[in-house]
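These notes concern the structure reproduced below.
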Amino acid sequence: MAEKKIVYQDKFIAFEGLFNLKDLFRTIVKWFNERGYDMFENKNYEEVYEDGKKIIFELIPYKKVSDYYKLEIRIFVVFENLKEVDVELHGVKQRLLKGSANFTFDAILVTDYEGRWETRPAYYFYRALIDKFIYKSYTDRYEAELVKDAKEVQEEIKAYLNMFRYVV
Amino acid sequence: MAKFGEYDLFPAPLKLRYKGYFDWGGLYRLIWQWFLKRQFRVHEKRYKDKIDTALGNELEVDVWGEKEITEYYKYRADVHYHLWESREVPVMENGKQVMRMQGRIEVRIEGLVITDWQGRYKEDNTVHKLMKMFLNKVVLKNEIEIKHIDPFDKDLHRLEAEIKKFLKIEADASGVG
């Protein structure tokens with residue numbers, strides 16, 4: 001079992017208004033692809049009711065920076081009361097969704113994700129010592145990179161949602 | 001759970017859940033055709049249909065496909081459907097009346113890369129086990145990850161994207177990557 005350290009936890013974005021969900025999802029996936037993350041979609045639930053749609057999805061993009069460190073960012077999103085709305089933007093008719101969205105961001109640094117250093121108690125002990133005294137600079141560097149990426153993706157999503165707030 | 005010499009593509013199965021109207025027959029055919037186009041041998045492990053329960057029909061279908069890539073590598077993909085509260089209802093689509101399934105559906109996709117599918121290295125022989133471990137973890141590590149796990153992972157994500165497109169799920173990243 002790998003060691004997981006949560007470096008960025010429970011940061012929220014709440015939004016209510018118009019947005020293009022397909023485009024938003026593609027923007028998030030493209031953002032992570034460009035930074036070398038592999039996408040893992042843990043959940044993708046959609047329920048259609050008479051008064052609107054409810055969508056829940058959880059993305060856990062990850063990046064294996066070495067054979068010891070793995071960066072994971074978890075984005076959990078709940079969309080509620082979504083209704084389709086036809087809007088004209090810059091002379092082009094678009095189909096947007098109107099409703100509320102709640103995003104939760106977490107970032108986790110995973111060490112020894114291959115489980116090589118936990119098969120014996122002695123290996124676990126050596127790993128703890130090396131992590132604490134020798135590899136500390138690498139751990140700090142990757143933690144900082146992970147927090148930076150998590151903040152950037154949060155800003156990217158905020159910027160995308162605000163785009164519709166001021167245009168429509 | 002992957003055994004020794006088998007590599008799970010995903011830490012947990014890819015899950016999609018949808019509630020509403022959908023074309024069940026079309027979805028079933030889509031996935032079957034996906035396997036056949038990629039020359040997988042397809043098997044249907046289970047087709048369980050509980051009819052006329054209080055809320056509707058409950059269906060559980062397990063389909064899996066396998067394909068030998070080389071004499072050492074084999075791919076296996078499992079698709080599991082579970083439908084609840086399902087019933088066929090007439091729906092107007094593009095001006096025509098068609099029958100569609102109304103209810104809840106969950107689709108789970110799992111993938112596996114299997115090494116030494118011919119069983120050349122015997123499980124009960126320690127020397128064979130050590131040789132296979134050395135081969136998989138040292139000699140062929142990069143080849144397994146880059147040539148086999150990554151492309152098959154991307155392929156199954158494309159299948160997931162096709163299913164989302166078919167069910168008209170909003171959170172769909174098809175066309176990216």
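By convention here, the chains of the structure tokens are called A, B, ... in the order presented, each chain's residues are numbered starting at 1, and ligands are numbered starting at 1 in the order presented.
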
For this session: Compute the chain B side of the contact with chain A at 12 Å, counting only C-alpha atoms, and hand it back as an MDAnalysis selection string.
Result: chainID B and resid 7 9:22 102:109 137 141:142 145 150:151 153:154 156:158 160:161 163:165 167:177

Export of the given selection (N, CA and C atoms) as a short mmCIF file (atom, residue, chain, number, x, y, z; two decimals), in the first residue's frame:
```cif
data_model
loop_
_atom_site.label_atom_id
_atom_site.label_comp_id
_atom_site.auth_asym_id
_atom_site.auth_seq_id
_atom_site.Cartn_x
_atom_site.Cartn_y
_atom_site.Cartn_z
N TYR B 7 -1.61 -7.15 -15.15
CA TYR B 7 -1.54 -5.73 -14.83
C TYR B 7 -2.91 -5.10 -15.04
N LEU B 9 -5.29 -2.16 -15.65
CA LEU B 9 -5.09 -0.85 -16.30
C LEU B 9 -5.51 0.29 -15.39
N PHE B 10 -6.60 0.08 -14.64
CA PHE B 10 -7.13 1.18 -13.83
C PHE B 10 -7.12 0.78 -12.36
N PRO B 11 -6.89 1.75 -11.45
CA PRO B 11 -6.94 1.39 -10.02
C PRO B 11 -8.33 0.90 -9.59
N ALA B 12 -9.36 1.39 -10.26
CA ALA B 12 -10.73 0.92 -10.00
C ALA B 12 -11.43 0.90 -11.36
N PRO B 13 -12.50 0.11 -11.53
CA PRO B 13 -13.15 0.07 -12.85
C PRO B 13 -13.68 1.45 -13.24
N LEU B 14 -13.70 1.74 -14.54
CA LEU B 14 -14.30 2.98 -15.03
C LEU B 14 -15.81 2.82 -14.89
N LYS B 15 -16.44 3.78 -14.23
CA LYS B 15 -17.88 3.64 -13.96
C LYS B 15 -18.65 4.76 -14.62
N LEU B 16 -19.75 4.38 -15.26
CA LEU B 16 -20.67 5.39 -15.81
C LEU B 16 -22.05 5.04 -15.30
N ARG B 17 -22.77 6.05 -14.82
CA ARG B 17 -24.16 5.80 -14.43
C ARG B 17 -25.04 6.81 -15.12
N TYR B 18 -26.15 6.34 -15.60
CA TYR B 18 -27.05 7.25 -16.30
C TYR B 18 -28.47 6.88 -15.92
N LYS B 19 -29.31 7.91 -15.75
CA LYS B 19 -30.72 7.66 -15.47
C LYS B 19 -31.53 8.44 -16.48
N GLY B 20 -32.38 7.75 -17.20
CA GLY B 20 -33.21 8.45 -18.21
C GLY B 20 -33.58 7.48 -19.31
N TYR B 21 -33.70 8.02 -20.52
CA TYR B 21 -34.06 7.18 -21.67
C TYR B 21 -32.82 6.85 -22.47
N PHE B 22 -32.68 5.61 -22.88
CA PHE B 22 -31.53 5.24 -23.70
C PHE B 22 -31.88 4.03 -24.56
N GLN B 102 -36.31 2.97 -20.39
CA GLN B 102 -36.28 4.03 -19.39
C GLN B 102 -35.85 3.39 -18.09
N GLY B 103 -34.89 4.00 -17.42
CA GLY B 103 -34.45 3.43 -16.15
C GLY B 103 -33.05 3.90 -15.82
N ARG B 104 -32.39 3.15 -14.95
CA ARG B 104 -31.03 3.50 -14.53
C ARG B 104 -30.07 2.46 -15.08
N ILE B 105 -28.94 2.91 -15.54
CA ILE B 105 -27.94 1.97 -16.05
C ILE B 105 -26.58 2.32 -15.46
N GLU B 106 -25.82 1.28 -15.10
CA GLU B 106 -24.43 1.48 -14.70
C GLU B 106 -23.57 0.61 -15.62
N VAL B 107 -22.53 1.22 -16.17
CA VAL B 107 -21.61 0.47 -17.03
C VAL B 107 -20.24 0.53 -16.37
N ARG B 108 -19.63 -0.64 -16.17
CA ARG B 108 -18.29 -0.68 -15.57
C ARG B 108 -17.33 -1.32 -16.55
N ILE B 109 -16.18 -0.68 -16.74
CA ILE B 109 -15.19 -1.20 -17.69
C ILE B 109 -13.89 -1.50 -16.95
N LYS B 137 9.66 -7.18 -14.16
CA LYS B 137 9.93 -5.97 -13.38
C LYS B 137 11.21 -5.27 -13.79
N LYS B 141 9.99 -4.07 -18.18
CA LYS B 141 9.15 -3.09 -17.46
C LYS B 141 8.67 -1.95 -18.38
N ASN B 142 9.64 -1.34 -19.06
CA ASN B 142 9.27 -0.20 -19.93
C ASN B 142 8.38 -0.64 -21.07
N GLU B 145 4.85 -1.16 -19.87
CA GLU B 145 4.11 0.08 -19.56
C GLU B 145 3.86 0.92 -20.81
N ASP B 150 -0.20 1.54 -21.66
CA ASP B 150 -0.66 2.87 -22.07
C ASP B 150 -1.60 2.84 -23.27
N PRO B 151 -1.24 2.18 -24.39
CA PRO B 151 -2.17 2.18 -25.53
C PRO B 151 -3.51 1.51 -25.23
N ASP B 153 -4.93 1.26 -22.31
CA ASP B 153 -5.64 2.19 -21.41
C ASP B 153 -6.35 3.25 -22.24
N LYS B 154 -5.62 3.83 -23.22
CA LYS B 154 -6.22 4.89 -24.06
C LYS B 154 -7.39 4.33 -24.87
N LEU B 156 -9.39 1.85 -24.07
CA LEU B 156 -10.58 1.66 -23.23
C LEU B 156 -11.19 2.99 -22.85
N HIS B 157 -10.37 4.03 -22.73
CA HIS B 157 -10.95 5.36 -22.47
C HIS B 157 -11.74 5.83 -23.68
N ARG B 158 -11.26 5.45 -24.89
CA ARG B 158 -12.03 5.81 -26.10
C ARG B 158 -13.36 5.06 -26.12
N GLU B 160 -15.01 4.22 -23.49
CA GLU B 160 -15.83 4.95 -22.50
C GLU B 160 -16.40 6.22 -23.14
N ALA B 161 -15.57 6.91 -23.92
CA ALA B 161 -16.04 8.14 -24.57
C ALA B 161 -17.15 7.82 -25.58
N ILE B 163 -19.27 5.35 -25.39
CA ILE B 163 -20.49 5.04 -24.62
C ILE B 163 -21.14 6.33 -24.16
N LYS B 164 -20.33 7.28 -23.70
CA LYS B 164 -20.89 8.55 -23.22
C LYS B 164 -21.57 9.31 -24.35
N LYS B 165 -20.95 9.25 -25.53
CA LYS B 165 -21.54 9.93 -26.70
C LYS B 165 -22.88 9.28 -27.06
N LEU B 167 -24.90 7.61 -25.08
CA LEU B 167 -25.93 7.90 -24.07
C LEU B 167 -26.20 9.40 -23.97
N LYS B 168 -25.47 10.18 -24.74
CA LYS B 168 -25.58 11.65 -24.74
C LYS B 168 -25.31 12.21 -23.33
N ILE B 169 -24.26 11.69 -22.72
CA ILE B 169 -23.85 12.17 -21.40
C ILE B 169 -23.10 13.48 -21.60
N GLU B 170 -23.42 14.47 -20.77
CA GLU B 170 -22.84 15.81 -20.93
C GLU B 170 -21.35 15.83 -20.66
N ALA B 171 -20.89 15.17 -19.61
CA ALA B 171 -19.46 15.23 -19.23
C ALA B 171 -18.69 14.26 -20.10
N ASP B 172 -18.42 14.74 -21.33
CA ASP B 172 -17.85 13.87 -22.34
C ASP B 172 -16.63 14.56 -22.93
N ALA B 173 -15.47 13.91 -22.82
CA ALA B 173 -14.25 14.56 -23.32
C ALA B 173 -13.82 13.99 -24.66
N SER B 174 -14.74 13.46 -25.46
CA SER B 174 -14.33 12.88 -26.75
C SER B 174 -13.80 13.99 -27.63
N GLY B 175 -12.74 13.68 -28.34
CA GLY B 175 -12.11 14.68 -29.19
C GLY B 175 -10.91 15.32 -28.53
N VAL B 176 -10.61 14.96 -27.28
CA VAL B 176 -9.43 15.51 -26.60
C VAL B 176 -8.43 14.37 -26.41
N GLY B 177 -7.18 14.62 -26.72
CA GLY B 177 -6.10 13.64 -26.46
C GLY B 177 -6.14 12.45 -27.37
#
```

Problem set entry | Between atom CA of Leu112 of chain B and atom CA of Ala2 of chain B - distance in Å to one decimal | 7.6 Å

For this session: Name all residues at most 9 Å from segment 46-51 of chain B (count only C-alpha atoms; drop same-chain ones fewer than 2 positions away) and give them as a count of residues only.
Result: 10

Exercise. Near Glu143 of chain A, within 7 Å and counting only C-alpha atoms, which residues show up once chain neighbours fewer than 3 positions away are dropped, as JSON, numbers by chain?
Worked result: {"A": [7, 109, 139, 140, 146, 147]}

Please dump the current selection as a PDB file, in the first residue's frame; keep N, CA and C atoms.
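Heads up, here's the output in result18.pdb:
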```
ATOM      1  N   VAL A   7      -1.711  17.257   0.282  1.00  0.00           N
ATOM      2  CA  VAL A   7      -0.993  18.537   0.364  1.00  0.00           C
ATOM      3  C   VAL A   7      -1.924  19.726   0.110  1.00  0.00           C
ATOM      4  N   LEU A 109       0.067  13.604  -2.736  1.00  0.00           N
ATOM      5  CA  LEU A 109       1.374  13.123  -3.184  1.00  0.00           C
ATOM      6  C   LEU A 109       1.489  11.660  -2.743  1.00  0.00           C
ATOM      7  N   THR A 139      10.870  15.509  -2.092  1.00  0.00           N
ATOM      8  CA  THR A 139       9.466  15.489  -1.631  1.00  0.00           C
ATOM      9  C   THR A 139       8.914  16.906  -1.593  1.00  0.00           C
ATOM     10  N   ASP A 140       9.699  17.840  -1.032  1.00  0.00           N
ATOM     11  CA  ASP A 140       9.225  19.232  -0.960  1.00  0.00           C
ATOM     12  C   ASP A 140       9.004  19.808  -2.351  1.00  0.00           C
ATOM     13  N   LEU A 146       2.816  20.052  -7.042  1.00  0.00           N
ATOM     14  CA  LEU A 146       1.438  19.563  -6.976  1.00  0.00           C
ATOM     15  C   LEU A 146       0.486  20.668  -6.537  1.00  0.00           C
ATOM     16  N   VAL A 147       0.879  21.424  -5.519  1.00  0.00           N
ATOM     17  CA  VAL A 147       0.013  22.510  -5.035  1.00  0.00           C
ATOM     18  C   VAL A 147      -0.138  23.566  -6.132  1.00  0.00           C
TER      19      VAL A 147
END
```

Could you give me, as a tab-separated table, a per-residue list for segment 44-86 of chain A showing, wherever an atom lies at most 10 Å from an atom of segment 150-164 of chain A, the closest pair of atoms and their distance in Å to one decimal, using only C-alpha atoms and sorting by chain then residue number from low to high?
```
residue	atom	partner	partner_atom	distance
A:Glu72	CA	A:Ala150	CA	9.3
A:Ile73	CA	A:Ala150	CA	6.6
A:Arg74	CA	A:Ala150	CA	8.8
A:Ile75	CA	A:Ala150	CA	9.3
```

Same residues, N, CA and C atoms, output as a PDB file, in the first residue's frame:
```pdb
ATOM      1  N   GLU A  72      -1.251  13.233  -7.680  1.00  0.00           N
ATOM      2  CA  GLU A  72      -2.676  13.034  -7.982  1.00  0.00           C
ATOM      3  C   GLU A  72      -3.437  14.280  -7.607  1.00  0.00           C
ATOM      4  N   ILE A  73      -4.352  14.673  -8.488  1.00  0.00           N
ATOM      5  CA  ILE A  73      -5.252  15.795  -8.156  1.00  0.00           C
ATOM      6  C   ILE A  73      -6.669  15.251  -8.283  1.00  0.00           C
ATOM      7  N   ARG A  74      -7.473  15.469  -7.293  1.00  0.00           N
ATOM      8  CA  ARG A  74      -8.839  14.951  -7.315  1.00  0.00           C
ATOM      9  C   ARG A  74      -9.812  16.114  -7.493  1.00  0.00           C
ATOM     10  N   ILE A  75     -10.654  16.003  -8.506  1.00  0.00           N
ATOM     11  CA  ILE A  75     -11.669  17.045  -8.733  1.00  0.00           C
ATOM     12  C   ILE A  75     -13.028  16.365  -8.650  1.00  0.00           C
TER      13      ILE A  75
END
```

For this session: Using atom CA of Val87 of chain A and atom CA of Gly95 of chain B as the two end points, give the distance in Å to one decimal.
Result: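 Going from atom CA of Val87 of chain A over to atom CA of Gly95 of chain B, I get 24.1 Å.
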
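Picture a line from atom CA of Glu143 of chain B to atom CA of Leu59 of chain A; it runs 27.1 Å.
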
Exercise. Would you give me, as an MDAnalysis selection string, the residues in chain A that DSSP reads as strand (DSSP E or B)?
Worked result: chainID A and resid 3:19 38 41:49 52:59 62:64 69:89 92:111

Problem set entry | Residues flagged helix (DSSP H, G or I) by DSSP in segment 6-144 of chain B, as a ChimeraX atom specification | /B:24-37,126-139,141-144

Please list as a tab-separated table (two decimals) with C-alpha atoms, in the first residue's frame every residue within 10 Å of Ser66 of chain A, counting only C-alpha atoms and excluding residues in the same chain fewer than 2 positions away.
```tsv
chain	number	residue	atom	x	y	z
A	63	LYS	CA	1.29	11.88	-13.07
A	64	LYS	CA	4.09	9.41	-12.31
A	68	TYR	CA	8.73	6.49	-6.51
A	69	TYR	CA	6.58	9.63	-6.68
A	70	LYS	CA	3.12	10.06	-8.16
A	71	LEU	CA	1.11	13.29	-8.19
A	111	THR	CA	5.14	7.79	-2.59
A	112	ASP	CA	6.24	4.25	-3.27
A	113	TYR	CA	3.17	3.64	-5.44
```

Between segment 35-113 of chain A and segment 12-17 of chain A, at 7 Å or less, what are the per-residue closest atom pairs and their distances in Å? Count only C-alpha atoms, order by chain and rising residue number, and return it as CSV.
```
residue,atom,partner,partner_atom,distance
A:Lys98,CA,A:Gly17,CA,5.3
A:Gly99,CA,A:Gly17,CA,5.6
A:Ser100,CA,A:Glu16,CA,4.2
A:Ala101,CA,A:Phe15,CA,5.1
A:Asn102,CA,A:Ala14,CA,4.5
A:Phe103,CA,A:Ile13,CA,5.0
A:Thr104,CA,A:Phe12,CA,4.7
A:Phe105,CA,A:Phe12,CA,6.4
```

Output for the residues just chosen: N, CA and C atoms as a CSV table (one decimal), in the first residue's frame:
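Contents of part-v3.csv, as written:
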```csv
chain,number,residue,atom,x,y,z
A,98,LYS,N,-28.0,25.6,-17.7
A,98,LYS,CA,-28.2,26.6,-16.6
A,98,LYS,C,-28.4,25.8,-15.4
A,99,GLY,N,-27.6,26.1,-14.3
A,99,GLY,CA,-27.8,25.4,-13.1
A,99,GLY,C,-26.7,25.7,-12.1
A,100,SER,N,-26.6,24.9,-11.1
A,100,SER,CA,-25.5,25.2,-10.1
A,100,SER,C,-24.4,24.1,-10.2
A,101,ALA,N,-23.2,24.6,-9.9
A,101,ALA,CA,-22.1,23.7,-9.9
A,101,ALA,C,-21.2,23.8,-8.7
A,102,ASN,N,-20.8,22.7,-8.1
A,102,ASN,CA,-19.9,22.8,-6.9
A,102,ASN,C,-18.7,21.9,-7.2
A,103,PHE,N,-17.5,22.5,-7.2
A,103,PHE,CA,-16.3,21.8,-7.4
A,103,PHE,C,-15.5,21.7,-6.1
A,104,THR,N,-14.9,20.5,-5.9
A,104,THR,CA,-14.0,20.3,-4.7
A,104,THR,C,-12.7,19.8,-5.2
A,105,PHE,N,-11.6,20.4,-4.8
A,105,PHE,CA,-10.3,20.1,-5.2
A,105,PHE,C,-9.4,19.6,-4.1
```

Could you list, as a PDB file with N, CA and C atoms, in the first residue's frame, every residue within 10 Å of Lys74 of chain B, counting only C-alpha atoms and ignoring same-chain residues fewer than 3 positions away?
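In the end it all went to result_36.pdb:
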```pdb
ATOM      1  N   GLU B   6      -0.176 -10.212 -14.114  1.00  0.00           N
ATOM      2  CA  GLU B   6      -1.290  -9.499 -14.753  1.00  0.00           C
ATOM      3  C   GLU B   6      -1.267  -8.054 -14.265  1.00  0.00           C
ATOM      4  N   GLU B  66     -11.105 -11.028 -25.126  1.00  0.00           N
ATOM      5  CA  GLU B  66      -9.681 -11.287 -24.952  1.00  0.00           C
ATOM      6  C   GLU B  66      -9.007 -11.369 -26.313  1.00  0.00           C
ATOM      7  N   LYS B  67      -7.737 -10.969 -26.319  1.00  0.00           N
ATOM      8  CA  LYS B  67      -6.992 -10.978 -27.594  1.00  0.00           C
ATOM      9  C   LYS B  67      -5.529 -11.254 -27.306  1.00  0.00           C
ATOM     10  N   GLU B  68      -4.940 -12.218 -27.997  1.00  0.00           N
ATOM     11  CA  GLU B  68      -3.505 -12.491 -27.849  1.00  0.00           C
ATOM     12  C   GLU B  68      -2.757 -11.533 -28.766  1.00  0.00           C
ATOM     13  N   ILE B  69      -1.833 -10.780 -28.156  1.00  0.00           N
ATOM     14  CA  ILE B  69      -1.080  -9.801 -28.944  1.00  0.00           C
ATOM     15  C   ILE B  69       0.207 -10.442 -29.473  1.00  0.00           C
ATOM     16  N   THR B  70       0.963 -11.039 -28.571  1.00  0.00           N
ATOM     17  CA  THR B  70       2.185 -11.769 -28.966  1.00  0.00           C
ATOM     18  C   THR B  70       2.153 -13.095 -28.208  1.00  0.00           C
ATOM     19  N   GLU B  71       3.217 -13.846 -28.293  1.00  0.00           N
ATOM     20  CA  GLU B  71       3.225 -15.128 -27.569  1.00  0.00           C
ATOM     21  C   GLU B  71       3.404 -14.914 -26.072  1.00  0.00           C
ATOM     22  N   LEU B 112      -7.164  -5.500 -18.504  1.00  0.00           N
ATOM     23  CA  LEU B 112      -6.072  -6.288 -17.927  1.00  0.00           C
ATOM     24  C   LEU B 112      -5.056  -6.602 -19.023  1.00  0.00           C
ATOM     25  N   VAL B 113      -3.768  -6.420 -18.701  1.00  0.00           N
ATOM     26  CA  VAL B 113      -2.722  -6.890 -19.617  1.00  0.00           C
ATOM     27  C   VAL B 113      -2.116  -8.119 -18.953  1.00  0.00           C
ATOM     28  N   ILE B 114      -2.162  -9.234 -19.645  1.00  0.00           N
ATOM     29  CA  ILE B 114      -1.701 -10.500 -19.056  1.00  0.00           C
ATOM     30  C   ILE B 114      -0.374 -10.886 -19.712  1.00  0.00           C
ATOM     31  N   THR B 115       0.615 -11.181 -18.882  1.00  0.00           N
ATOM     32  CA  THR B 115       1.901 -11.636 -19.440  1.00  0.00           C
ATOM     33  C   THR B 115       1.999 -13.149 -19.236  1.00  0.00           C
ATOM     34  N   ASP B 116       2.764 -13.763 -20.100  1.00  0.00           N
ATOM     35  CA  ASP B 116       2.961 -15.224 -20.045  1.00  0.00           C
ATOM     36  C   ASP B 116       1.610 -15.942 -20.014  1.00  0.00           C
ATOM     37  N   TRP B 117       0.746 -15.617 -21.012  1.00  0.00           N
ATOM     38  CA  TRP B 117      -0.591 -16.228 -21.030  1.00  0.00           C
ATOM     39  C   TRP B 117      -0.516 -17.704 -21.400  1.00  0.00           C
ATOM     40  N   GLN B 118       0.604 -18.131 -21.966  1.00  0.00           N
ATOM     41  CA  GLN B 118       0.723 -19.550 -22.312  1.00  0.00           C
ATOM     42  C   GLN B 118       1.172 -20.394 -21.118  1.00  0.00           C
ATOM     43  N   HIS B 148       2.244  -1.528 -24.043  1.00  0.00           N
ATOM     44  CA  HIS B 148       1.017  -2.307 -23.847  1.00  0.00           C
ATOM     45  C   HIS B 148       0.000  -1.634 -22.931  1.00  0.00           C
TER      46      HIS B 148
END
```
